[in-house]
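Participant: Structure below; questions to follow.
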Amino acid sequence: MLAALKESLATRARGWAETAGAALPADLPLTVPPPKLQADLCLPWPLAMAKAARKPPLELAKSLAESLGGLAELESASASPPGFVNLKLSRAALNGNLVKIVSNPTDYGQDSAGPARAVLIEFVSANPTGPLHLASGRGATLGDSLVRILRRLGRKAAAEYYVNDAGRQVERLGLSLYARRRGQEPPEDGYQGQYVADLAKSFPAEADSWTPERWRQEGVKALLAGQRADMAAFGVEFDRWFPESELRGRGALEGALQKLKDRGMVYEKEGAVWLGTSDAAQSEDDKDRVLVKAGGAATYFLADIAYHEDKFARGFEQVIDIWGADHHGYVPRMKAAVAALGHPPDSFHAVIHQLVHLYRGQEAVKMSKRAGEFVRLREVMDEVGKDACRFFFAMRTPDSHLNFDLELAKKKSSENPVYYCQYVHARICSILKEAEKQGIRPALPESIGFSSPEERGLCLKLAWFPEVLKDCEKLLSPHPLANYLLELAGLFHPFYERCRVIDPQAADVSSARLVLCYGISFVIAEGLGLLGVSAPEQM
RNA sequence: GCGCCCGUAGUGAAAUGGAUAUCACGACAGCCUCCGAAGCUGUAAGUGCAGGUUCGAUUCCUGCCGGGCGCACCA
């Protein structure tokens with residue numbers, strides 16, 4: 001509704017802007033006024049235009065407000081110092097939006113005007129050398145929620161997990177398993193964790209004769225199965241688990257190298273093959289990087305280039321990678337490589353999320369899969385629950401550094417804001433049951449309008465849901481949605497206290513408020529669903 | 001040393017350059033003959049420091065202080 005409203009406001013305002021002598025601000029901002037003003041929406045346009053128009057902003061605001069008169073969506077438009085135009089929405093607009101939500105909740109938030117290009121989001125992509133640790137939960141939450149939100153908006157989005165099953169790391173895993181099976185310590189640079197010893201013991205007698213290579217294969221298979229199970233339990237589904245070995249098997253590394261050669265981006269120096277991106281115009285990277293080592297072996301970087309080339313070759317027009325901050329130094333070279341392959345600069349984007357720092361009380365917990373010191377995602381999920389865990393990760397911008405105190409985790413779980421949102425859903429479900437029992441049916445005829453600030457506030461908040469989803473897309477993060485749901489929940493509880501829904505003495509009001517309750521519960525349930533969080537009917 | 005990220009009430013967070021900075025938890029004082037008190041009402045408490053740009057700065061720029069991460073012919 002707000003997107004359509006913006007359009008009709010802009011259409012009306014363009015004519016006004018011409019006479020005012022300045023262009024409307026390009027992004028046509030529509031903002032939320034301070035609560036005490038009793039306005040629904042606010043246009044700061046005159047402030048932005050005052051300079052170019054050479055007129056006082058308040059004067060512009062007055063004439064803009066006047067020119068917006070008579071729009072069906074508006075009850076009123078008024079100028080407010082220093083130069084805002086505050087809007088009150090009409091009953092028809094608010095009711096109409098609510099009816100739209102209730103009559104087709106799963107379509108609410110679809111954005112047909114958005115880009116149709118296919119998006120691939122790659123996330124987690126942990127080495128298959130151990131169970132997933134807690135930090136993977138952050139990337140998993142960001143990626144999975146983002147995929148769900150993009151799909152909800154109507155975009156073509158796919159989720160992918162890159163399985164690094166062909167390098168030195170998995171080789172070390174094989175050697176470590178081999179040693180453990182023999183009751184020996186793993187090699188110095190191997191995997192020291194107890195889980196390796198446990199895994200080595202878990203295979204039948206025939207495993208005694210396995211080579212390290214066989215151990216590598218079986219180990220990867222088993223650990224990958226564990227990772228898949230953890231992701232499934234965390235509510236994360238990938239469209240594809242993409243093994244590096246497949247890439248190598250079909251000669252994709254050679255293919256990518258050849259393409260770079262053909263494009264003149266490659267040179268040889270000191271026996272190695274280099275990607276020459278540092279001096280290219282507007283290059284992202286400040287150094288050239290090795291693709292093939294002097295010994296003839298491909299670097300990890302070349303494999304990664306081949307993988308990304310494969311993503312584009314499969315028809316994805318926008319490629320998004322979600323990485324932990326420990327990989328942020330890798331962004332410039334990946335961007336440079338994508339450009340060297342001839343893809344538009346904005347077709348690749350890396351979302352960098354800051355790391356999760358673990359504490360037990362005051363004490364920092366070191367995380368190293370190699371040394372076997374790490375906290376498993378599964379442990380935390382079992383302890384605090386998937387819902388609390390995902391909401392906790394979803395609430396923050398990827399840029400925030402976050403500390404996770406394991407000692408407080410369980411205690412915190414009962415204070416996790418997710419329950420504040422879920423409680424709204426449970427409460428409404430309970431109301432709806434009671435209404436059904438008493439034979440009160442939801443109905444919102446045009447003659448009924450919500451008059452209390454609580455009801456209006458809720459109707460308006462519901463109208464923002466589609467805009468919030470677009471914010472998530474723009475920021476490539478689900479955190480605006482999590483915060484929106486908290487705010488929506490915060491509006492419901494006071495409404496519940498002050499506005500009795502089921503009242504046989506006032507059937508019309510009851511029916512109208514029931515519609516509002518339906519709308520809220522749908523948006524809460526849909527919103528939580530996009531975050532991978534359940535919306536229980538009772539708790 | 002160079003680069004990236006972050007410093008917002010006691011705690012954890014939010015805020016496309018907009019009005020009196022929002023939310024949750026915690027603290028304090030109240031509220032269940034009434035649709036679920038995992039709730040509500042009220043109170044106290046905040047933008048690291050110093051400049052700059054702007055009609056307007058938590059947001060942009062510079063410097064400083066504090067913290068995280070990264071700077072391989074490793075993966």
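Every chain in the structure tokens takes a letter, A first, then B, and so on in the order presented; its residues are numbered from 1, and the ligands are numbered from 1 following the presented order.
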Looking only at the backbone, which of the residues in region 107-264 of chain A does DSSP tag as strand (DSSP E or B), as an NGL selection string?
Facilitator: :A and (118-122 or 133 or 156-163 or 240-243)
Participant: Any chance you could export the current selection's C-alpha atoms as a PDB file, in the first residue's frame?
Facilitator:
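Generated file (result33.pdb):
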```
ATOM      1  CA  ALA A 118      18.522 -14.809 -10.752  1.00  0.00           C
ATOM      2  CA  VAL A 119      20.463 -14.498  -7.510  1.00  0.00           C
ATOM      3  CA  LEU A 120      22.754 -17.099  -5.994  1.00  0.00           C
ATOM      4  CA  ILE A 121      23.605 -16.787  -2.321  1.00  0.00           C
ATOM      5  CA  GLU A 122      26.458 -18.907  -1.051  1.00  0.00           C
ATOM      6  CA  HIS A 133      30.683 -24.572  15.116  1.00  0.00           C
ATOM      7  CA  LYS A 156      14.634 -15.879  -8.073  1.00  0.00           C
ATOM      8  CA  ALA A 157      17.046 -16.816  -5.290  1.00  0.00           C
ATOM      9  CA  ALA A 158      19.009 -19.992  -4.694  1.00  0.00           C
ATOM     10  CA  ALA A 159      21.080 -21.112  -1.708  1.00  0.00           C
ATOM     11  CA  GLU A 160      24.356 -22.926  -2.088  1.00  0.00           C
ATOM     12  CA  TYR A 161      27.007 -24.473   0.148  1.00  0.00           C
ATOM     13  CA  TYR A 162      30.485 -24.945  -1.246  1.00  0.00           C
ATOM     14  CA  VAL A 163      32.123 -28.128  -0.041  1.00  0.00           C
ATOM     15  CA  ARG A 240      22.790 -27.384  -3.771  1.00  0.00           C
ATOM     16  CA  TRP A 241      25.860 -28.638  -1.920  1.00  0.00           C
ATOM     17  CA  PHE A 242      28.568 -27.976  -4.447  1.00  0.00           C
ATOM     18  CA  PRO A 243      31.731 -30.094  -4.098  1.00  0.00           C
TER      19      PRO A 243
END
```
Participant: Just the residues within 12 Å of Gln192 (chain A), please, counting only C-alpha atoms (C1' of nucleotides), with nothing from its chain fewer than 3 positions along; format it as a list in words.
Facilitator: Thr129, Gly130, Arg172, Leu173, Leu175, Ser176, Leu177, Ala179, Arg180, Gln184, Glu185, Pro186, Pro187, Glu188, Asp189, Tyr195, Val196, Ala197, Asp198, Ser368, Lys369, Arg370, Ala371, Gly372, Glu373 and Phe374 of chain A
Participant: Emit the selected residues as a PDB file, in the first residue's frame, including C-alpha atoms.
Facilitator:
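As written to disk, out-v7.pdb reads:
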```pdb
ATOM      1  CA  THR A 129      36.586 -31.571   8.413  1.00  0.00           C
ATOM      2  CA  GLY A 130      34.459 -31.350  11.520  1.00  0.00           C
ATOM      3  CA  ARG A 172      45.022 -33.794   6.771  1.00  0.00           C
ATOM      4  CA  LEU A 173      41.702 -35.070   7.968  1.00  0.00           C
ATOM      5  CA  LEU A 175      45.783 -38.706   7.858  1.00  0.00           C
ATOM      6  CA  SER A 176      44.375 -37.797  11.257  1.00  0.00           C
ATOM      7  CA  LEU A 177      41.649 -40.445  11.049  1.00  0.00           C
ATOM      8  CA  ALA A 179      46.418 -42.313  12.803  1.00  0.00           C
ATOM      9  CA  ARG A 180      43.602 -42.332  15.350  1.00  0.00           C
ATOM     10  CA  GLN A 184      48.314 -42.945  17.360  1.00  0.00           C
ATOM     11  CA  GLU A 185      48.354 -39.199  17.726  1.00  0.00           C
ATOM     12  CA  PRO A 186      47.385 -37.285  14.581  1.00  0.00           C
ATOM     13  CA  PRO A 187      50.150 -35.479  12.694  1.00  0.00           C
ATOM     14  CA  GLU A 188      51.344 -32.109  13.986  1.00  0.00           C
ATOM     15  CA  ASP A 189      49.277 -30.203  11.415  1.00  0.00           C
ATOM     16  CA  TYR A 195      35.592 -36.033  17.453  1.00  0.00           C
ATOM     17  CA  VAL A 196      38.281 -37.360  15.077  1.00  0.00           C
ATOM     18  CA  ALA A 197      39.133 -40.193  17.452  1.00  0.00           C
ATOM     19  CA  ASP A 198      35.461 -40.953  17.977  1.00  0.00           C
ATOM     20  CA  SER A 368      39.885 -23.880  16.459  1.00  0.00           C
ATOM     21  CA  LYS A 369      38.610 -26.903  14.656  1.00  0.00           C
ATOM     22  CA  ARG A 370      42.162 -28.032  14.136  1.00  0.00           C
ATOM     23  CA  ALA A 371      42.916 -28.046  17.832  1.00  0.00           C
ATOM     24  CA  GLY A 372      39.504 -29.465  18.615  1.00  0.00           C
ATOM     25  CA  GLU A 373      38.530 -26.476  20.733  1.00  0.00           C
ATOM     26  CA  PHE A 374      35.234 -25.207  19.511  1.00  0.00           C
TER      27      PHE A 374
END
```
Participant: Mind checking which residues fall within 10 Å of Gly295 (chain A), counting only C-alpha atoms (C1' of nucleotides), ignoring those fewer than 4 positions away in the same chain, and posting them as a PDB file with C-alpha atoms (C1' of nucleotides), in the first residue's frame?
Facilitator:
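selection.pdb, written as the output of this step:
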```pdb
ATOM      1  CA  GLY A 271      57.872 -20.125 -12.613  1.00  0.00           C
ATOM      2  CA  ALA A 272      54.377 -19.291 -11.359  1.00  0.00           C
TER       3      ALA A 272
ATOM      4  C1'   C B  73      53.626 -19.492  -4.533  1.00  0.00           C
TER       5        C B  73
END
```
Participant: Give the residues of chain B that lie within 8 Å of chain A; count only C-alpha atoms (C1' of nucleotides), and format the answer as a tab-separated table (two decimals) with N, CA and C atoms (P, O5', C5', C4', C3', O3' and C1' of nucleotides), in the first residue's frame.
Facilitator:
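Contents of the output file part_18.tsv:
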```
chain	number	residue	atom	x	y	z
B	4	C	P	40.33	1.12	4.74
B	4	C	O5'	39.45	-0.13	5.23
B	4	C	C5'	38.75	-0.93	4.29
B	4	C	C4'	38.09	-2.09	4.99
B	4	C	C3'	37.15	-1.72	6.12
B	4	C	O3'	35.88	-1.31	5.67
B	4	C	C1'	38.56	-3.46	6.83
B	5	C	P	35.02	-0.26	6.54
B	5	C	O5'	34.58	-1.14	7.81
B	5	C	C5'	33.70	-2.24	7.65
B	5	C	C4'	33.51	-2.92	8.97
B	5	C	C3'	33.07	-2.02	10.12
B	5	C	O3'	31.70	-1.71	10.06
B	5	C	C1'	34.80	-3.43	10.87
B	6	C	P	31.18	-0.31	10.65
B	6	C	O5'	31.27	-0.56	12.21
B	6	C	C5'	30.55	-1.63	12.79
B	6	C	C4'	30.94	-1.80	14.24
B	6	C	C3'	30.81	-0.56	15.10
B	6	C	O3'	29.47	-0.32	15.45
B	6	C	C1'	32.86	-1.64	15.56
B	13	A	P	25.69	-6.01	21.02
B	13	A	O5'	24.26	-5.47	20.56
B	13	A	C5'	24.03	-5.02	19.28
B	13	A	C4'	22.55	-5.04	19.04
B	13	A	C3'	22.02	-3.97	18.09
B	13	A	O3'	22.16	-4.33	16.75
B	13	A	C1'	20.69	-4.01	20.03
B	14	A	P	22.52	-3.24	15.69
B	14	A	O5'	21.16	-2.40	15.57
B	14	A	C5'	19.99	-3.05	15.09
B	14	A	C4'	18.83	-2.10	15.02
B	14	A	C3'	19.04	-0.83	14.21
B	14	A	O3'	18.96	-1.07	12.83
B	14	A	C1'	17.85	-0.35	16.20
B	16	U	P	18.89	3.90	8.90
B	16	U	O5'	18.91	5.05	7.81
B	16	U	C5'	17.93	5.08	6.81
B	16	U	C4'	18.56	4.89	5.46
B	16	U	C3'	19.33	6.12	4.96
B	16	U	O3'	20.68	6.12	5.41
B	16	U	C1'	17.76	5.51	3.37
B	18	G	P	17.80	10.69	8.36
B	18	G	O5'	17.67	11.50	9.72
B	18	G	C5'	16.45	11.48	10.42
B	18	G	C4'	16.08	12.85	10.90
B	18	G	C3'	14.58	13.02	11.14
B	18	G	O3'	14.40	13.88	12.26
B	18	G	C1'	15.31	14.61	9.55
B	19	A	P	14.56	13.17	13.73
B	19	A	O5'	14.03	14.40	14.55
B	19	A	C5'	14.71	15.65	14.52
B	19	A	C4'	13.72	16.75	14.84
B	19	A	C3'	12.91	16.50	16.10
B	19	A	O3'	12.64	17.77	16.70
B	19	A	C1'	11.46	16.73	14.27
B	23	C	P	10.11	2.84	22.39
B	23	C	O5'	10.73	1.38	22.22
B	23	C	C5'	10.17	0.49	21.28
B	23	C	C4'	10.94	-0.80	21.21
B	23	C	C3'	11.19	-1.50	22.53
B	23	C	O3'	10.04	-2.17	23.01
B	23	C	C1'	13.16	-1.55	21.26
B	24	A	P	9.88	-2.42	24.57
B	24	A	O5'	10.82	-3.67	24.85
B	24	A	C5'	10.55	-4.92	24.23
B	24	A	C4'	11.72	-5.85	24.41
B	24	A	C3'	12.17	-6.06	25.85
B	24	A	O3'	11.38	-7.01	26.52
B	24	A	C1'	14.04	-5.59	24.52
B	25	C	P	11.16	-6.85	28.09
B	25	C	O5'	12.56	-7.28	28.70
B	25	C	C5'	13.05	-8.60	28.54
B	25	C	C4'	14.47	-8.70	29.03
B	25	C	C3'	14.70	-8.28	30.48
B	25	C	O3'	14.37	-9.30	31.40
B	25	C	C1'	16.34	-7.28	29.11
B	35	C	P	-10.06	-13.22	30.83
B	35	C	O5'	-10.19	-13.06	29.26
B	35	C	C5'	-11.12	-13.85	28.53
B	35	C	C4'	-10.68	-14.04	27.11
B	35	C	C3'	-9.18	-14.27	26.89
B	35	C	O3'	-8.85	-15.63	27.06
B	35	C	C1'	-10.05	-12.72	25.29
B	36	G	P	-7.34	-16.12	26.66
B	36	G	O5'	-6.33	-15.25	27.55
B	36	G	C5'	-6.30	-15.32	28.92
B	36	G	C4'	-4.87	-15.41	29.36
B	36	G	C3'	-4.01	-14.21	29.00
B	36	G	O3'	-3.11	-13.96	30.08
B	36	G	C1'	-3.03	-16.17	28.13
B	38	A	P	2.86	-15.23	31.82
B	38	A	O5'	3.88	-14.48	30.89
B	38	A	C5'	4.95	-13.76	31.46
B	38	A	C4'	6.05	-13.62	30.44
B	38	A	C3'	5.60	-12.93	29.17
B	38	A	O3'	6.70	-12.24	28.59
B	38	A	C1'	6.27	-15.11	28.65
B	39	G	P	6.84	-10.66	28.81
B	39	G	O5'	5.33	-10.18	28.73
B	39	G	C5'	4.69	-10.04	27.47
B	39	G	C4'	3.32	-9.46	27.67
B	39	G	C3'	3.31	-8.02	28.18
B	39	G	O3'	3.48	-7.09	27.12
B	39	G	C1'	1.86	-9.30	29.50
B	40	C	P	4.18	-5.68	27.40
B	40	C	O5'	3.04	-4.93	28.18
B	40	C	C5'	1.82	-4.61	27.53
B	40	C	C4'	0.90	-3.90	28.50
B	40	C	C3'	1.44	-2.59	29.06
B	40	C	O3'	1.20	-1.52	28.17
B	40	C	C1'	0.62	-3.93	30.82
B	55	C	P	23.46	25.00	4.72
B	55	C	O5'	22.42	24.89	5.91
B	55	C	C5'	22.06	26.04	6.66
B	55	C	C4'	20.91	25.70	7.56
B	55	C	C3'	21.09	24.46	8.41
B	55	C	O3'	21.83	24.73	9.58
B	55	C	C1'	18.97	24.38	7.39
B	68	G	P	41.08	-6.93	21.08
B	68	G	O5'	40.14	-7.31	19.85
B	68	G	C5'	39.01	-8.15	20.06
B	68	G	C4'	38.27	-8.34	18.78
B	68	G	C3'	39.08	-8.91	17.63
B	68	G	O3'	39.24	-10.31	17.71
B	68	G	C1'	37.84	-7.07	16.85
B	69	C	P	40.59	-10.98	17.17
B	69	C	O5'	40.47	-10.80	15.59
B	69	C	C5'	39.47	-11.49	14.87
B	69	C	C4'	39.41	-11.00	13.44
B	69	C	C3'	40.67	-11.19	12.61
B	69	C	O3'	40.83	-12.51	12.16
B	69	C	C1'	39.81	-9.03	12.24
B	70	G	P	42.31	-13.05	11.91
B	70	G	O5'	42.73	-12.35	10.54
B	70	G	C5'	42.01	-12.60	9.36
B	70	G	C4'	42.39	-11.61	8.29
B	70	G	C3'	43.84	-11.63	7.85
B	70	G	O3'	44.09	-12.70	6.97
B	70	G	C1'	43.12	-9.40	8.12
B	71	C	P	45.63	-13.09	6.65
B	71	C	O5'	45.99	-11.98	5.56
B	71	C	C5'	47.29	-11.95	5.00
B	71	C	C4'	47.56	-10.56	4.47
B	71	C	C3'	49.03	-10.17	4.49
B	71	C	O3'	49.69	-10.61	3.31
B	71	C	C1'	47.74	-8.45	5.48
B	73	C	P	52.42	-15.33	-1.86
B	73	C	O5'	52.39	-16.85	-2.32
B	73	C	C5'	51.40	-17.28	-3.19
B	73	C	C4'	51.67	-18.74	-3.51
B	73	C	C3'	52.48	-19.45	-2.43
B	73	C	O3'	51.97	-20.74	-2.32
B	73	C	C1'	53.63	-19.49	-4.53
B	75	A	P	47.03	-23.94	-1.02
B	75	A	O5'	45.74	-24.25	-0.16
B	75	A	C5'	45.59	-25.46	0.55
B	75	A	C4'	44.39	-25.33	1.45
B	75	A	C3'	43.08	-25.08	0.72
B	75	A	O3'	42.47	-26.28	0.30
B	75	A	C1'	43.33	-23.49	2.44
```
Participant: Between CA of Asp304 (chain A) and CA of Val351 (chain A), what is the spacing in Å?
Facilitator: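 Atom-to-atom, CA of Val351 (chain A) to CA of Asp304 (chain A), that is 16.5 Å.
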Participant: Quote the spacing between CA of Arg117 (chain A) and CA of Leu530 (chain A) in Å to one decimal place.
Facilitator: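 CA of Leu530 (chain A) lies 20.7 Å from CA of Arg117 (chain A).
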Participant: To one decimal place in Å, what is the distance between CA of Arg155 (chain A) and CA of Ser534 (chain A)?
Facilitator: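 Between CA of Arg155 (chain A) and CA of Ser534 (chain A) the gap is 23.1 Å.
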Participant: With only C-alpha atoms (C1' of nucleotides) as the atoms that count, which of B:A50, B:A72, B:C28, B:A45 lies nearest to A9 (chain B)?
Facilitator: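 Between B:A50, B:A72, B:C28, B:A45, the residue approaching A9 (chain B) most closely is B:A45.
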Participant: May I have all residues of region 63-223 of chain A that DSSP, computed from the backbone, assigns to helix (DSSP H, G or I), given as a PyMOL selection string?
Facilitator: chain A and resi 63-67+91-103+105-107+135-153+168-181+194-201+205-209+212-223
Participant: Just to be explicit: take each residue in the selection above, keep C-alpha atoms, and write the result as a PDB file, in the first residue's frame.
Facilitator:
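What landed in selection.pdb:
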```pdb
ATOM      1  CA  SER A  63       1.866  24.603  -0.708  1.00  0.00           C
ATOM      2  CA  LEU A  64       2.779  20.912  -1.067  1.00  0.00           C
ATOM      3  CA  ALA A  65       0.269  19.989   1.620  1.00  0.00           C
ATOM      4  CA  GLU A  66      -2.350  22.004  -0.194  1.00  0.00           C
ATOM      5  CA  SER A  67      -1.646  20.357  -3.523  1.00  0.00           C
ATOM      6  CA  ARG A  91     -10.006   4.878   6.719  1.00  0.00           C
ATOM      7  CA  ALA A  92     -10.372   3.401   3.240  1.00  0.00           C
ATOM      8  CA  ALA A  93      -6.614   3.132   2.845  1.00  0.00           C
ATOM      9  CA  LEU A  94      -5.984   1.523   6.237  1.00  0.00           C
ATOM     10  CA  ASN A  95      -8.918  -0.862   6.054  1.00  0.00           C
ATOM     11  CA  GLY A  96      -8.155  -1.739   2.462  1.00  0.00           C
ATOM     12  CA  ASN A  97      -4.639  -2.785   3.322  1.00  0.00           C
ATOM     13  CA  LEU A  98      -5.789  -4.877   6.261  1.00  0.00           C
ATOM     14  CA  VAL A  99      -8.376  -6.651   4.141  1.00  0.00           C
ATOM     15  CA  LYS A 100      -5.697  -7.312   1.548  1.00  0.00           C
ATOM     16  CA  ILE A 101      -3.461  -8.967   4.139  1.00  0.00           C
ATOM     17  CA  VAL A 102      -6.180 -11.117   5.573  1.00  0.00           C
ATOM     18  CA  SER A 103      -7.615 -12.223   2.262  1.00  0.00           C
ATOM     19  CA  PRO A 105      -1.568 -13.410   3.568  1.00  0.00           C
ATOM     20  CA  THR A 106       1.010 -15.412   1.655  1.00  0.00           C
ATOM     21  CA  ASP A 107       1.070 -12.827  -1.149  1.00  0.00           C
ATOM     22  CA  ALA A 135      29.910 -19.116  14.392  1.00  0.00           C
ATOM     23  CA  SER A 136      28.485 -20.924  11.352  1.00  0.00           C
ATOM     24  CA  GLY A 137      25.087 -20.195  12.834  1.00  0.00           C
ATOM     25  CA  ARG A 138      25.488 -16.515  12.098  1.00  0.00           C
ATOM     26  CA  GLY A 139      26.279 -16.984   8.427  1.00  0.00           C
ATOM     27  CA  ALA A 140      23.574 -19.631   8.178  1.00  0.00           C
ATOM     28  CA  THR A 141      20.978 -17.319   9.693  1.00  0.00           C
ATOM     29  CA  LEU A 142      21.933 -14.390   7.489  1.00  0.00           C
ATOM     30  CA  GLY A 143      22.016 -16.434   4.308  1.00  0.00           C
ATOM     31  CA  ASP A 144      18.956 -18.566   4.825  1.00  0.00           C
ATOM     32  CA  SER A 145      16.787 -15.684   6.011  1.00  0.00           C
ATOM     33  CA  LEU A 146      17.919 -13.567   3.099  1.00  0.00           C
ATOM     34  CA  VAL A 147      17.050 -16.286   0.595  1.00  0.00           C
ATOM     35  CA  ARG A 148      13.604 -16.657   2.148  1.00  0.00           C
ATOM     36  CA  ILE A 149      13.032 -12.887   2.104  1.00  0.00           C
ATOM     37  CA  LEU A 150      14.128 -12.526  -1.521  1.00  0.00           C
ATOM     38  CA  ARG A 151      11.815 -15.348  -2.547  1.00  0.00           C
ATOM     39  CA  ARG A 152       9.013 -13.731  -0.603  1.00  0.00           C
ATOM     40  CA  LEU A 153       9.576 -10.548  -2.558  1.00  0.00           C
ATOM     41  CA  ARG A 168      45.069 -29.994   1.882  1.00  0.00           C
ATOM     42  CA  GLN A 169      42.584 -29.703   4.718  1.00  0.00           C
ATOM     43  CA  VAL A 170      40.709 -32.878   3.868  1.00  0.00           C
ATOM     44  CA  GLU A 171      43.987 -34.640   3.217  1.00  0.00           C
ATOM     45  CA  ARG A 172      45.022 -33.794   6.771  1.00  0.00           C
ATOM     46  CA  LEU A 173      41.702 -35.070   7.968  1.00  0.00           C
ATOM     47  CA  GLY A 174      42.345 -38.423   6.262  1.00  0.00           C
ATOM     48  CA  LEU A 175      45.783 -38.706   7.858  1.00  0.00           C
ATOM     49  CA  SER A 176      44.375 -37.797  11.257  1.00  0.00           C
ATOM     50  CA  LEU A 177      41.649 -40.445  11.049  1.00  0.00           C
ATOM     51  CA  TYR A 178      44.176 -42.998   9.828  1.00  0.00           C
ATOM     52  CA  ALA A 179      46.418 -42.313  12.803  1.00  0.00           C
ATOM     53  CA  ARG A 180      43.602 -42.332  15.350  1.00  0.00           C
ATOM     54  CA  ARG A 181      42.348 -45.662  14.083  1.00  0.00           C
ATOM     55  CA  GLN A 194      38.230 -35.747  20.157  1.00  0.00           C
ATOM     56  CA  TYR A 195      35.592 -36.033  17.453  1.00  0.00           C
ATOM     57  CA  VAL A 196      38.281 -37.360  15.077  1.00  0.00           C
ATOM     58  CA  ALA A 197      39.133 -40.193  17.452  1.00  0.00           C
ATOM     59  CA  ASP A 198      35.461 -40.953  17.977  1.00  0.00           C
ATOM     60  CA  LEU A 199      34.793 -40.982  14.262  1.00  0.00           C
ATOM     61  CA  ALA A 200      37.791 -43.240  13.566  1.00  0.00           C
ATOM     62  CA  LYS A 201      36.511 -45.769  16.081  1.00  0.00           C
ATOM     63  CA  ALA A 205      36.470 -53.861  11.310  1.00  0.00           C
ATOM     64  CA  GLU A 206      37.243 -53.586   7.590  1.00  0.00           C
ATOM     65  CA  ALA A 207      38.319 -49.992   8.179  1.00  0.00           C
ATOM     66  CA  ASP A 208      41.523 -51.306   9.772  1.00  0.00           C
ATOM     67  CA  SER A 209      42.951 -51.787   6.306  1.00  0.00           C
ATOM     68  CA  PRO A 212      44.669 -42.495   4.416  1.00  0.00           C
ATOM     69  CA  GLU A 213      43.027 -41.681   1.074  1.00  0.00           C
ATOM     70  CA  ARG A 214      40.094 -43.955   1.866  1.00  0.00           C
ATOM     71  CA  TRP A 215      39.877 -42.424   5.323  1.00  0.00           C
ATOM     72  CA  ARG A 216      39.708 -39.015   3.705  1.00  0.00           C
ATOM     73  CA  GLN A 217      36.758 -40.069   1.564  1.00  0.00           C
ATOM     74  CA  GLU A 218      34.870 -41.789   4.350  1.00  0.00           C
ATOM     75  CA  GLY A 219      35.635 -39.038   6.838  1.00  0.00           C
ATOM     76  CA  VAL A 220      34.400 -36.303   4.545  1.00  0.00           C
ATOM     77  CA  LYS A 221      31.290 -38.309   3.786  1.00  0.00           C
ATOM     78  CA  ALA A 222      30.480 -38.807   7.461  1.00  0.00           C
ATOM     79  CA  LEU A 223      31.261 -35.245   8.549  1.00  0.00           C
TER      80      LEU A 223
END
```
Participant: Go through A:Asp239, A:Glu75, A:Asp405, A:Tyr307 and flag the residue nearest Leu257 (chain A), using only C-alpha atoms for the distances.
Facilitator: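 Result for the nearest residue to Leu257 (chain A): A:Tyr307.
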Participant: Find the residues around Leu134 (chain A) up to 7 Å (only C-alpha atoms (C1' of nucleotides) counted), leave out those fewer than 5 positions away in its own chain, and share them as a VMD selection string.
Facilitator: chain A and resid 375 to 377
